[in-house]
Structures are given as structure tokens and as C-alpha cells.
$ cat data22.cif   # mmCIF, C-alpha atoms, pLDDT in the B column; chains and numbers go by the auth columns
data_input
#
loop_
_atom_site.group_PDB
_atom_site.id
_atom_site.type_symbol
_atom_site.label_atom_id
_atom_site.label_comp_id
_atom_site.label_asym_id
_atom_site.label_seq_id
_atom_site.Cartn_x
_atom_site.Cartn_y
_atom_site.Cartn_z
_atom_site.B_iso_or_equiv
_atom_site.auth_seq_id
_atom_site.auth_asym_id
ATOM 1 C CA MET A 1 3.061 -34.191 -3.416 44.00 5 A
ATOM 2 C CA ASP A 2 2.441 -30.468 -3.401 52.00 6 A
ATOM 3 C CA ALA A 3 4.153 -27.140 -2.961 57.00 7 A
ATOM 4 C CA ASP A 4 4.072 -27.565 0.834 65.00 8 A
ATOM 5 C CA LEU A 5 7.069 -29.855 0.501 67.00 9 A
ATOM 6 C CA PHE A 6 9.231 -27.122 -0.949 79.00 10 A
ATOM 7 C CA PRO A 7 7.635 -23.829 0.135 82.00 11 A
ATOM 8 C CA ASN A 8 10.740 -21.703 -0.311 86.00 12 A
ATOM 9 C CA LEU A 9 11.368 -22.950 -3.836 89.00 13 A
ATOM 10 C CA PHE A 10 7.716 -22.350 -4.648 90.00 14 A
ATOM 11 C CA LYS A 11 7.578 -18.830 -3.215 88.00 15 A
ATOM 12 C CA GLY A 12 10.934 -17.909 -4.685 92.00 16 A
ATOM 13 C CA ASN A 13 9.781 -18.879 -8.151 95.00 17 A
ATOM 14 C CA LEU A 14 6.161 -17.737 -8.019 96.00 18 A
ATOM 15 C CA ASP A 15 6.772 -14.832 -10.395 96.00 19 A
ATOM 16 C CA LEU A 16 8.537 -17.161 -12.825 97.00 20 A
ATOM 17 C CA ILE A 17 5.598 -19.572 -12.646 97.00 21 A
ATOM 18 C CA LEU A 18 3.033 -16.865 -13.407 98.00 22 A
ATOM 19 C CA LEU A 19 5.059 -15.174 -16.132 98.00 23 A
ATOM 20 C CA SER A 20 5.627 -18.574 -17.763 98.00 24 A
ATOM 21 C CA VAL A 21 1.897 -19.301 -17.909 98.00 25 A
ATOM 22 C CA LEU A 22 1.097 -15.835 -19.257 98.00 26 A
ATOM 23 C CA GLU A 23 3.658 -16.299 -22.010 97.00 27 A
ATOM 24 C CA GLY A 24 1.032 -18.574 -23.571 96.00 28 A
ATOM 25 C CA GLY A 25 -1.460 -15.702 -23.811 97.00 29 A
ATOM 26 C CA GLU A 26 -3.899 -13.768 -21.682 97.00 30 A
ATOM 27 C CA ARG A 27 -5.575 -15.525 -18.782 98.00 31 A
ATOM 28 C CA TYR A 28 -7.628 -14.537 -15.762 98.00 32 A
ATOM 29 C CA GLY A 29 -6.652 -15.609 -12.262 98.00 33 A
ATOM 30 C CA LEU A 30 -8.607 -18.827 -12.023 98.00 34 A
ATOM 31 C CA GLU A 31 -7.454 -19.927 -15.471 98.00 35 A
ATOM 32 C CA ILE A 32 -3.837 -19.371 -14.453 98.00 36 A
ATOM 33 C CA GLY A 33 -4.323 -21.494 -11.344 97.00 37 A
ATOM 34 C CA LYS A 34 -5.981 -24.280 -13.302 97.00 38 A
ATOM 35 C CA GLU A 35 -3.254 -24.268 -15.926 97.00 39 A
ATOM 36 C CA VAL A 36 -0.459 -24.442 -13.336 97.00 40 A
ATOM 37 C CA ASP A 37 -2.247 -27.322 -11.637 96.00 41 A
ATOM 38 C CA ALA A 38 -2.836 -29.200 -14.905 97.00 42 A
ATOM 39 C CA ARG A 39 0.587 -28.677 -16.481 96.00 43 A
ATOM 40 C CA THR A 40 2.491 -29.648 -13.322 95.00 44 A
ATOM 41 C CA GLY A 41 0.300 -32.668 -12.662 95.00 45 A
ATOM 42 C CA GLY A 42 -0.908 -31.131 -9.413 92.00 46 A
ATOM 43 C CA LEU A 43 2.645 -30.702 -8.090 91.00 47 A
ATOM 44 C CA LEU A 44 2.174 -26.946 -7.941 92.00 48 A
ATOM 45 C CA THR A 45 -1.105 -25.508 -6.762 91.00 49 A
ATOM 46 C CA LEU A 46 -1.996 -21.849 -6.348 93.00 50 A
ATOM 47 C CA ASN A 47 -4.630 -20.734 -3.899 92.00 51 A
ATOM 48 C CA ALA A 48 -6.084 -17.248 -3.751 96.00 52 A
ATOM 49 C CA GLY A 49 -3.634 -16.147 -1.069 95.00 53 A
ATOM 50 C CA SER A 50 -0.663 -16.618 -3.348 95.00 54 A
ATOM 51 C CA LEU A 51 -2.176 -16.105 -6.806 97.00 55 A
ATOM 52 C CA TYR A 52 -3.974 -12.751 -6.681 98.00 56 A
ATOM 53 C CA PRO A 53 -1.452 -10.805 -4.571 97.00 57 A
ATOM 54 C CA ALA A 54 1.322 -12.045 -6.869 97.00 58 A
ATOM 55 C CA LEU A 55 -0.609 -10.964 -9.974 98.00 59 A
ATOM 56 C CA HIS A 56 -1.184 -7.523 -8.462 98.00 60 A
ATOM 57 C CA ARG A 57 2.509 -7.254 -7.616 97.00 61 A
ATOM 58 C CA LEU A 58 3.462 -8.173 -11.189 98.00 62 A
ATOM 59 C CA GLU A 59 1.013 -5.556 -12.450 97.00 63 A
ATOM 60 C CA LYS A 60 2.502 -2.881 -10.193 96.00 64 A
ATOM 61 C CA SER A 61 5.950 -3.853 -11.507 97.00 65 A
ATOM 62 C CA GLY A 62 4.718 -3.295 -15.062 97.00 66 A
ATOM 63 C CA TRP A 63 5.340 -6.907 -16.096 98.00 67 A
ATOM 64 C CA VAL A 64 1.689 -7.672 -16.741 98.00 68 A
ATOM 65 C CA GLN A 65 -1.305 -5.533 -17.587 98.00 69 A
ATOM 66 C CA ALA A 66 -4.912 -6.268 -16.803 98.00 70 A
ATOM 67 C CA GLU A 67 -8.152 -5.677 -18.629 98.00 71 A
ATOM 68 C CA GLU A 68 -11.660 -6.415 -17.353 97.00 72 A
ATOM 69 C CA ARG A 69 -13.839 -8.455 -19.661 96.00 73 A
ATOM 70 C CA SER A 70 -16.785 -10.791 -19.444 96.00 74 A
ATOM 71 C CA PRO A 71 -15.760 -14.443 -19.290 96.00 75 A
ATOM 72 C CA PRO A 72 -17.166 -16.888 -21.866 95.00 76 A
ATOM 73 C CA ARG A 73 -19.427 -18.657 -19.347 93.00 77 A
ATOM 74 C CA GLY A 74 -20.968 -15.406 -18.096 93.00 78 A
ATOM 75 C CA GLY A 75 -20.890 -13.950 -14.609 94.00 79 A
ATOM 76 C CA PRO A 76 -19.117 -10.856 -13.299 95.00 80 A
ATOM 77 C CA ARG A 77 -16.326 -9.458 -15.439 97.00 81 A
ATOM 78 C CA VAL A 78 -12.896 -10.932 -14.695 97.00 82 A
ATOM 79 C CA ARG A 79 -9.466 -9.324 -15.008 98.00 83 A
ATOM 80 C CA TYR A 80 -7.525 -10.811 -17.900 98.00 84 A
ATOM 81 C CA TYR A 81 -3.764 -10.525 -17.421 98.00 85 A
ATOM 82 C CA THR A 82 -1.382 -10.123 -20.336 98.00 86 A
ATOM 83 C CA LEU A 83 2.407 -10.151 -20.397 98.00 87 A
ATOM 84 C CA THR A 84 3.944 -6.761 -21.296 98.00 88 A
ATOM 85 C CA ALA A 85 7.215 -6.317 -23.199 98.00 89 A
ATOM 86 C CA ALA A 86 8.934 -5.646 -19.874 98.00 90 A
ATOM 87 C CA GLY A 87 7.341 -8.812 -18.498 98.00 91 A
ATOM 88 C CA LEU A 88 8.590 -10.843 -21.438 98.00 92 A
ATOM 89 C CA ALA A 89 12.113 -9.537 -20.840 98.00 93 A
ATOM 90 C CA GLU A 90 11.807 -10.296 -17.124 98.00 94 A
ATOM 91 C CA LEU A 91 10.632 -13.814 -17.920 98.00 95 A
ATOM 92 C CA ALA A 92 13.674 -14.379 -20.147 98.00 96 A
ATOM 93 C CA ARG A 93 15.979 -13.009 -17.441 97.00 97 A
ATOM 94 C CA ARG A 94 14.469 -15.158 -14.694 97.00 98 A
ATOM 95 C CA ARG A 95 14.341 -18.257 -16.841 97.00 99 A
ATOM 96 C CA ASP A 96 18.018 -17.842 -17.726 97.00 100 A
ATOM 97 C CA ALA A 97 18.953 -17.292 -14.080 96.00 101 A
ATOM 98 C CA TYR A 98 16.984 -20.381 -13.053 96.00 102 A
ATOM 99 C CA VAL A 99 18.635 -22.558 -15.710 97.00 103 A
ATOM 100 C CA ARG A 100 22.106 -21.364 -14.723 97.00 104 A
ATOM 101 C CA PHE A 101 21.395 -21.936 -11.019 95.00 105 A
ATOM 102 C CA ASP A 102 19.975 -25.385 -11.737 95.00 106 A
ATOM 103 C CA SER A 103 23.015 -26.249 -13.821 96.00 107 A
ATOM 104 C CA ALA A 104 25.386 -25.042 -11.105 97.00 108 A
ATOM 105 C CA LEU A 105 23.551 -27.038 -8.443 94.00 109 A
ATOM 106 C CA ARG A 106 23.542 -30.201 -10.543 96.00 110 A
ATOM 107 C CA ALA A 107 27.310 -29.903 -10.937 97.00 111 A
ATOM 108 C CA LEU A 108 27.547 -30.588 -7.201 97.00 112 A
ATOM 109 C CA TRP A 109 25.553 -33.826 -7.288 94.00 113 A
ATOM 110 C CA MET B 1 -29.632 -15.287 1.944 39.00 23 B
ATOM 111 C CA VAL B 2 -30.849 -13.263 -1.008 39.00 24 B
ATOM 112 C CA ASP B 3 -29.044 -10.061 -1.780 48.00 25 B
ATOM 113 C CA GLU B 4 -28.842 -7.802 -4.823 53.00 26 B
ATOM 114 C CA TYR B 5 -26.099 -5.499 -5.924 50.00 27 B
ATOM 115 C CA VAL B 6 -24.091 -4.689 -9.011 53.00 28 B
ATOM 116 C CA VAL B 7 -20.520 -5.732 -9.658 51.00 29 B
ATOM 117 C CA ASN B 8 -19.108 -4.494 -12.965 50.00 30 B
ATOM 118 C CA GLU B 9 -22.622 -4.079 -14.423 54.00 31 B
ATOM 119 C CA TYR B 10 -23.447 -7.670 -13.534 53.00 32 B
ATOM 120 C CA VAL B 11 -26.470 -7.842 -11.270 56.00 33 B
ATOM 121 C CA VAL B 12 -25.856 -10.267 -8.462 59.00 34 B
ATOM 122 C CA THR B 13 -29.145 -11.500 -7.135 63.00 35 B
ATOM 123 C CA GLU B 14 -28.113 -14.336 -4.861 68.00 36 B
ATOM 124 C CA LEU B 15 -24.786 -14.105 -3.143 84.00 37 B
ATOM 125 C CA PRO B 16 -24.499 -16.414 -0.141 89.00 38 B
ATOM 126 C CA GLY B 17 -23.587 -14.832 3.159 93.00 39 B
ATOM 127 C CA ALA B 18 -20.473 -17.017 3.327 95.00 40 B
ATOM 128 C CA VAL B 19 -19.225 -15.521 0.068 96.00 41 B
ATOM 129 C CA ARG B 20 -19.834 -11.982 1.267 95.00 42 B
ATOM 130 C CA ALA B 21 -18.067 -12.828 4.525 96.00 43 B
ATOM 131 C CA TYR B 22 -15.125 -14.255 2.574 97.00 44 B
ATOM 132 C CA LEU B 23 -14.828 -11.155 0.381 97.00 45 B
ATOM 133 C CA SER B 24 -15.088 -8.875 3.383 96.00 46 B
ATOM 134 C CA ALA B 25 -12.436 -10.785 5.353 97.00 47 B
ATOM 135 C CA ALA B 26 -10.040 -11.155 2.424 97.00 48 B
ATOM 136 C CA THR B 27 -10.051 -7.437 1.617 96.00 49 B
ATOM 137 C CA ARG B 28 -10.590 -6.066 5.124 93.00 50 B
ATOM 138 C CA HIS B 29 -7.347 -4.130 5.535 91.00 51 B
ATOM 139 C CA LEU B 30 -7.040 -2.686 2.033 95.00 52 B
ATOM 140 C CA PRO B 31 -7.451 0.988 1.107 93.00 53 B
ATOM 141 C CA ARG B 32 -11.011 1.737 -0.033 91.00 54 B
ATOM 142 C CA ARG B 33 -10.421 1.859 -3.793 90.00 55 B
ATOM 143 C CA ALA B 34 -8.190 -1.207 -3.833 94.00 56 B
ATOM 144 C CA ARG B 35 -10.694 -3.006 -1.630 95.00 57 B
ATOM 145 C CA ALA B 36 -13.516 -2.516 -4.124 95.00 58 B
ATOM 146 C CA ASP B 37 -11.370 -3.606 -7.084 96.00 59 B
ATOM 147 C CA VAL B 38 -9.890 -6.650 -5.364 97.00 60 B
ATOM 148 C CA SER B 39 -13.252 -7.690 -3.976 97.00 61 B
ATOM 149 C CA ALA B 40 -14.753 -7.527 -7.490 96.00 62 B
ATOM 150 C CA GLU B 41 -11.919 -9.636 -8.891 98.00 63 B
ATOM 151 C CA LEU B 42 -12.136 -12.263 -6.152 98.00 64 B
ATOM 152 C CA HIS B 43 -15.898 -12.400 -6.508 97.00 65 B
ATOM 153 C CA ALA B 44 -15.705 -12.829 -10.285 97.00 66 B
ATOM 154 C CA ASN B 45 -13.173 -15.651 -9.983 98.00 67 B
ATOM 155 C CA LEU B 46 -15.120 -17.294 -7.169 97.00 68 B
ATOM 156 C CA HIS B 47 -18.155 -17.203 -9.433 96.00 69 B
ATOM 157 C CA GLN B 48 -16.239 -18.993 -12.194 97.00 70 B
ATOM 158 C CA ARG B 49 -15.031 -21.611 -9.693 97.00 71 B
ATOM 159 C CA MET B 50 -18.585 -22.032 -8.470 96.00 72 B
ATOM 160 C CA LEU B 51 -19.645 -22.683 -12.089 96.00 73 B
ATOM 161 C CA ASP B 52 -16.979 -25.430 -12.295 96.00 74 B
ATOM 162 C CA HIS B 53 -18.387 -27.143 -9.232 97.00 75 B
ATOM 163 C CA SER B 54 -22.000 -26.608 -10.252 95.00 76 B
ATOM 164 C CA LEU B 55 -21.541 -29.311 -12.890 95.00 77 B
ATOM 165 C CA MET B 56 -21.525 -31.828 -10.041 95.00 78 B
ATOM 166 C CA LEU B 57 -23.142 -29.978 -7.136 96.00 79 B
ATOM 167 C CA ASP B 58 -26.153 -27.815 -6.428 94.00 80 B
ATOM 168 C CA THR B 59 -25.514 -24.070 -6.228 92.00 81 B
ATOM 169 C CA PRO B 60 -25.036 -23.680 -2.437 93.00 82 B
ATOM 170 C CA ALA B 61 -22.677 -26.657 -2.346 95.00 83 B
ATOM 171 C CA ALA B 62 -20.843 -25.319 -5.409 95.00 84 B
ATOM 172 C CA TRP B 63 -20.276 -21.970 -3.662 96.00 85 B
ATOM 173 C CA SER B 64 -18.982 -23.782 -0.579 96.00 86 B
ATOM 174 C CA ALA B 65 -16.607 -25.851 -2.695 97.00 87 B
ATOM 175 C CA ALA B 66 -15.368 -22.716 -4.460 97.00 88 B
ATOM 176 C CA LEU B 67 -14.680 -21.048 -1.112 97.00 89 B
ATOM 177 C CA ARG B 68 -12.761 -24.117 0.064 97.00 90 B
ATOM 178 C CA ASP B 69 -10.614 -23.980 -3.079 96.00 91 B
ATOM 179 C CA PHE B 70 -9.765 -20.338 -2.446 96.00 92 B
ATOM 180 C CA GLY B 71 -8.368 -21.106 0.995 95.00 93 B
ATOM 181 C CA PRO B 72 -8.603 -19.102 4.212 96.00 94 B
ATOM 182 C CA PRO B 73 -9.458 -15.424 3.643 97.00 95 B
ATOM 183 C CA GLN B 74 -7.055 -14.347 6.388 96.00 96 B
ATOM 184 C CA THR B 75 -4.104 -15.705 4.395 94.00 97 B
ATOM 185 C CA THR B 76 -5.283 -13.836 1.317 96.00 98 B
ATOM 186 C CA ALA B 77 -5.842 -10.672 3.349 96.00 99 B
ATOM 187 C CA ARG B 78 -2.302 -10.713 4.765 95.00 100 B
ATOM 188 C CA ALA B 79 -0.755 -11.208 1.332 95.00 101 B
ATOM 189 C CA LEU B 80 -2.937 -8.522 -0.278 96.00 102 B
ATOM 190 C CA VAL B 81 -2.039 -5.967 2.386 95.00 103 B
ATOM 191 C CA ARG B 82 1.640 -6.482 1.678 93.00 104 B
ATOM 192 C CA VAL B 83 1.044 -5.620 -1.995 94.00 105 B
ATOM 193 C CA HIS B 84 -1.502 -2.826 -1.713 93.00 106 B
ATOM 194 C CA ARG B 85 -0.784 -1.078 1.563 84.00 107 B
ATOM 195 C CA TRP B 86 2.886 -1.679 2.305 72.00 108 B
ATOM 196 C CA PRO B 87 4.575 -2.523 -1.007 65.00 109 B
ATOM 197 C CA GLY B 88 8.274 -3.211 -0.627 60.00 110 B
ATOM 198 C CA LEU B 89 8.018 -4.005 3.060 60.00 111 B
ATOM 199 C CA PRO B 90 9.846 -7.274 3.823 59.00 112 B
ATOM 200 C CA ARG B 91 7.747 -10.050 5.226 56.00 113 B
ATOM 201 C CA LEU B 92 8.041 -10.250 8.971 55.00 114 B
ATOM 202 C CA ARG B 93 7.693 -13.566 10.701 55.00 115 B
ATOM 203 C CA LEU B 94 6.864 -12.859 14.311 52.00 116 B
ATOM 204 C CA PRO B 95 6.894 -15.704 16.814 57.00 117 B
ATOM 205 C CA ARG B 96 3.533 -16.698 18.181 56.00 118 B
ATOM 206 C CA LEU B 97 3.474 -15.847 21.855 57.00 119 B
ATOM 207 C CA ARG B 98 1.393 -17.801 24.317 61.00 120 B
ATOM 208 C CA LEU B 99 0.736 -15.140 26.886 61.00 121 B
ATOM 209 C CA THR B 100 0.077 -16.467 30.353 70.00 122 B
ATOM 210 C CA ARG B 101 -1.401 -14.299 33.088 71.00 123 B
ATOM 211 C CA LEU B 102 2.078 -13.953 34.639 74.00 124 B
ATOM 212 C CA THR B 103 3.603 -12.869 31.319 74.00 125 B
ATOM 213 C CA LEU B 104 0.850 -10.338 30.810 74.00 126 B
ATOM 214 C CA THR B 105 1.441 -8.945 34.323 78.00 127 B
ATOM 215 C CA ARG B 106 5.160 -8.656 33.625 81.00 128 B
ATOM 216 C CA LEU B 107 4.508 -6.933 30.306 81.00 129 B
ATOM 217 C CA THR B 108 2.132 -4.489 31.994 81.00 130 B
ATOM 218 C CA LEU B 109 4.685 -3.700 34.706 86.00 131 B
ATOM 219 C CA MET B 110 7.413 -3.234 32.099 87.00 132 B
ATOM 220 C CA ARG B 111 5.158 -0.914 30.124 85.00 133 B
ATOM 221 C CA ALA B 112 4.339 1.102 33.252 86.00 134 B
ATOM 222 C CA GLY B 113 8.045 1.287 34.104 88.00 135 B
ATOM 223 C CA LEU B 114 8.935 2.492 30.628 89.00 136 B
ATOM 224 C CA ALA B 115 6.160 5.074 30.753 86.00 137 B
ATOM 225 C CA ALA B 116 7.424 6.362 34.140 87.00 138 B
ATOM 226 C CA LEU B 117 10.953 6.517 32.768 89.00 139 B
ATOM 227 C CA ALA B 118 9.784 8.474 29.738 88.00 140 B
ATOM 228 C CA LEU B 119 7.781 10.877 31.919 88.00 141 B
ATOM 229 C CA GLY B 120 10.749 11.381 34.240 87.00 142 B
ATOM 230 C CA GLY B 121 13.042 12.062 31.308 86.00 143 B
ATOM 231 C CA ALA B 122 10.598 14.527 29.823 85.00 144 B
ATOM 232 C CA GLY B 123 10.242 16.286 33.174 83.00 145 B
ATOM 233 C CA TYR B 124 14.000 16.527 33.587 84.00 146 B
ATOM 234 C CA ALA B 125 14.409 17.923 30.081 83.00 147 B
ATOM 235 C CA ALA B 126 11.651 20.473 30.721 82.00 148 B
ATOM 236 C CA ALA B 127 13.250 21.518 34.008 80.00 149 B
ATOM 237 C CA ARG B 128 16.626 21.988 32.343 79.00 150 B
ATOM 238 C CA SER B 129 15.104 24.014 29.514 79.00 151 B
ATOM 239 C CA LEU B 130 13.503 26.355 32.100 78.00 152 B
ATOM 240 C CA GLY B 131 16.892 26.986 33.658 76.00 153 B
ATOM 241 C CA TRP B 132 16.318 25.099 36.877 68.00 154 B
ATOM 242 C CA PRO B 133 19.612 23.809 38.270 62.00 155 B
ATOM 243 C CA ALA B 134 20.067 20.101 37.928 55.00 156 B
ATOM 244 C CA GLU B 135 21.129 18.275 41.026 58.00 157 B
ATOM 245 C CA ALA B 136 24.911 18.196 41.175 55.00 158 B
ATOM 246 C CA PRO B 137 26.680 14.847 41.222 56.00 159 B
ATOM 247 C CA GLN B 138 27.730 13.588 44.640 60.00 160 B
ATOM 248 C CA SER B 139 31.416 14.042 43.817 55.00 161 B
ATOM 249 C CA GLN B 140 30.861 17.785 43.357 54.00 162 B
ATOM 250 C CA GLN B 141 28.688 18.046 46.487 53.00 163 B
ATOM 251 C CA ALA B 142 31.515 16.607 48.582 49.00 164 B
ATOM 252 C CA ARG B 143 33.900 19.469 47.672 47.00 165 B
#

$ encode --input "data22.cif" --output "C-alpha cells"
Amino acid sequence: MDADLFPNLFKGNLDLILLSVLEGGERYGLEIGKEVDARTGGLLTLNAGSLYPALHRLEKSGWVQAEERSPPRGGPRVRYYTLTAAGLAELARRRDAYVRFDSALRALW
Amino acid sequence: MVDEYVVNEYVVTELPGAVRAYLSAATRHLPRRARADVSAELHANLHQRMLDHSLMLDTPAAWSAALRDFGPPQTTARALVRVHRWPGLPRLRLPRLRLTRLTLTRLTLMRAGLAALALGGAGYAAARSLGWPAEAPQSQQAR
């Protein structure tokens, strides 16, 4: 099973997914993708076409900030993304909205 | 293919042509500054993915596997353009048209017709602005 089965849910919650991962600390793009894959048991997968544009959008919104640094294994410097205070507040707001929506939906089942 | 250039002070000595093609295609439509930054980020992350695969594969195969993981560059390019060139623009889903020769002919005729109509309108407006009398309606001519 993968995100192709529920593309709208996936796209609609992409920001929530990324902000949730970054709540655990700074990560660069590939690390974020790996963590989403691992923690969801492969149910959610992020390819470059969804991951990097979304990170750039979050950065433009002021919810994350980026800093270039050399990764531990060497190679070109990567952009480490960190949650800002505004991003933390946005995460709380989105998480609350998601929980309330989920609760409302479940009341209909 | 052996190439050498510097990305973020890191000297790249061997970047496969497929990787350069991917980076070029993925960032093709971005403004110049954004293109350089995004290309550097994609390259750096591709490199890390290549290192993952290089535990099991030789370097060329590891690059290929990394590129497969990143998905089609055209998809990435479309999404990046929406963020960097047209932020805030809603995503448009246009239907894919299969244009037959007949459809193309019709479209060409329609375009020519619209162009003639526009030219006629412009000519009429110019004539009126120069004070030339417009042709009176038939009802007035009958009186």
C-alpha cells in the first residue's frame, strides 16, 4: 500500500507530515523522506517531486528555516531544515484541526 | 563521463551525464538564482542517496538507483515552478488533448477567424476615431 491509494489525503496533509518529522529536530531532505518511510512502514513515501517543493514552500511561509552544512558521510553540503517558532505553532494548529476532523468523521461511522 | 566543477566548495570530479541531465530537467524552468540553489540541493541529496546504494552496488549503478528513487524530473520541475516562479497560483489540471489532423485544422481556422475579427474590430475603431461615418443601420437607410 502506498500514498497512491489516497493521493488527496496525502497531498492535503503533506505540510503536516513534514512539520511533524521536523518537530524531532533538524533534518535534510533525504533524511526526512527516509524517516517518513520508516515510521509509516512504507505507507507514506516522498519522492523528490513532492518533498523538495514542499520544503521550499514551508521555508517561504516562515515555518522552517534552512542552513547549509556538510553531511556526516561527506559529499556536497546539504540544506538542513529546522522548525521555527511559527512552524511549531502551525504544527500545533494543523494537528489539532486534523484530530478534530478525524473525530468528527469517526462519529459518522 | 568525467566532469569537474564545484558545488558548495565540494569539488565534483565524476558526475554522470544522467545526473546532470536530471538536475537540468528538474530545474529547467526556475529563475536563475533559484535554479542554482535548487540544483545544488538536489545534487547533494542525490549524492547521499547514491552513497546509500553504493553499499550494495558499484558507483554507476548506485547513481542510477538514486535517480530512480528521486522519480521523474519533469514532475519535480512542475512542482518547483509552482513554488519558485508562480507562488500562490492554484494548480491547474488541464485535460490532455489528442489532437488529430482535423482538430488541428479546425483550431487553425478558428484562430484565423478570431484574428480577422480582431483586425476588423480594430479597423472599425480606428475609422470611428478618425471621424469617418459608420455605416448607418438599414432601418435608418430606409427612411

$ atom_distance --input "data22.cif" --atom1 "CA of His69 (chain B)" --atom2 "CA of Tyr85 (chain A)"
17.8 Å

$ interface_residues --input "data22.cif" --of "chain B" --to "chain A" --cutoff "6 Å" --atoms "only C-alpha atoms" --output "list in words"
Tyr32, Ala66, Asn67, Phe92, Thr97, Thr98, Ala101 and Leu102 of chain B

$ resolve_selection --input "data22.cif" --expression "the PyMOL selection byres ((chain A and resi 23) around 12)" --output "MDAnalysis selection string"
chainID A and resid 17:22 24:31 36 40 55 58:59 61:63 66:69 85:99

$ closest_residue --input "data22.cif" --among "A:Glu71, A:Gly16, A:Leu47, A:Gly37" --to "Tyr102 (chain A)" --atoms "only C-alpha atoms"
A:Gly16

$ atom_distance --input "data22.cif" --atom1 "CA of Arg104 (chain B)" --atom2 "CA of Pro53 (chain B)"
11.8 Å

$ resolve_selection --input "data22.cif" --expression "the PyMOL selection byres ((chain B and resi 61) around 8)" --output "number ranges by chain"
B: 45-46, 48-49, 57-60, 62-65

$ write_last_selection --input "data22.cif" --atoms "C-alpha atoms" --output "JSON list (two decimals), in the frame of the given file"
[["chain", "number", "residue", "atom", "x", "y", "z"],
["B", 45, "LEU", "CA", -14.83, -11.16, 0.38],
["B", 46, "SER", "CA", -15.09, -8.88, 3.38],
["B", 48, "ALA", "CA", -10.04, -11.16, 2.42],
["B", 49, "THR", "CA", -10.05, -7.44, 1.62],
["B", 57, "ARG", "CA", -10.69, -3.01, -1.63],
["B", 58, "ALA", "CA", -13.52, -2.52, -4.12],
["B", 59, "ASP", "CA", -11.37, -3.61, -7.08],
["B", 60, "VAL", "CA", -9.89, -6.65, -5.36],
["B", 62, "ALA", "CA", -14.75, -7.53, -7.49],
["B", 63, "GLU", "CA", -11.92, -9.64, -8.89],
["B", 64, "LEU", "CA", -12.14, -12.26, -6.15],
["B", 65, "HIS", "CA", -15.90, -12.40, -6.51]]

$ atom_distance --input "data22.cif" --atom1 "CA of Val41 (chain B)" --atom2 "CA of Leu79 (chain B)"
16.6 Å

$ residues_around --input "data22.cif" --residues "Val103 (chain B)" --least-positions-apart "4" --cutoff "8 Å" --atoms "all atoms listed in the file" --output "number ranges by chain"
B: 51-52, 99, 107-108

$ write_last_selection --input "data22.cif" --atoms "C-alpha atoms" --output "PDB file, in the frame of the given file"
ATOM      1  CA  HIS B  51      -7.347  -4.130   5.535  1.00 91.00           C
ATOM      2  CA  LEU B  52      -7.040  -2.686   2.033  1.00 95.00           C
ATOM      3  CA  ALA B  99      -5.842 -10.672   3.349  1.00 96.00           C
ATOM      4  CA  ARG B 107      -0.784  -1.078   1.563  1.00 84.00           C
ATOM      5  CA  TRP B 108       2.886  -1.679   2.305  1.00 72.00           C
TER       6      TRP B 108
END

$ resolve_selection --input "data22.cif" --expression "the PyMOL selection byres ((chain B and resi 72) around 8)" --output "PDB file with C-alpha atoms, in the coordinates of the input"
ATOM      1  CA  LEU B  68     -15.120 -17.294  -7.169  1.00 97.00           C
ATOM      2  CA  HIS B  69     -18.155 -17.203  -9.433  1.00 96.00           C
ATOM      3  CA  GLN B  70     -16.239 -18.993 -12.194  1.00 97.00           C
ATOM      4  CA  ARG B  71     -15.031 -21.611  -9.693  1.00 97.00           C
ATOM      5  CA  LEU B  73     -19.645 -22.683 -12.089  1.00 96.00           C
ATOM      6  CA  ASP B  74     -16.979 -25.430 -12.295  1.00 96.00           C
ATOM      7  CA  HIS B  75     -18.387 -27.143  -9.232  1.00 97.00           C
ATOM      8  CA  SER B  76     -22.000 -26.608 -10.252  1.00 95.00           C
ATOM      9  CA  THR B  81     -25.514 -24.070  -6.228  1.00 92.00           C
ATOM     10  CA  ALA B  84     -20.843 -25.319  -5.409  1.00 95.00           C
ATOM     11  CA  TRP B  85     -20.276 -21.970  -3.662  1.00 96.00           C
ATOM     12  CA  ALA B  87     -16.607 -25.851  -2.695  1.00 97.00           C
ATOM     13  CA  ALA B  88     -15.368 -22.716  -4.460  1.00 97.00           C
TER      14      ALA B  88
END
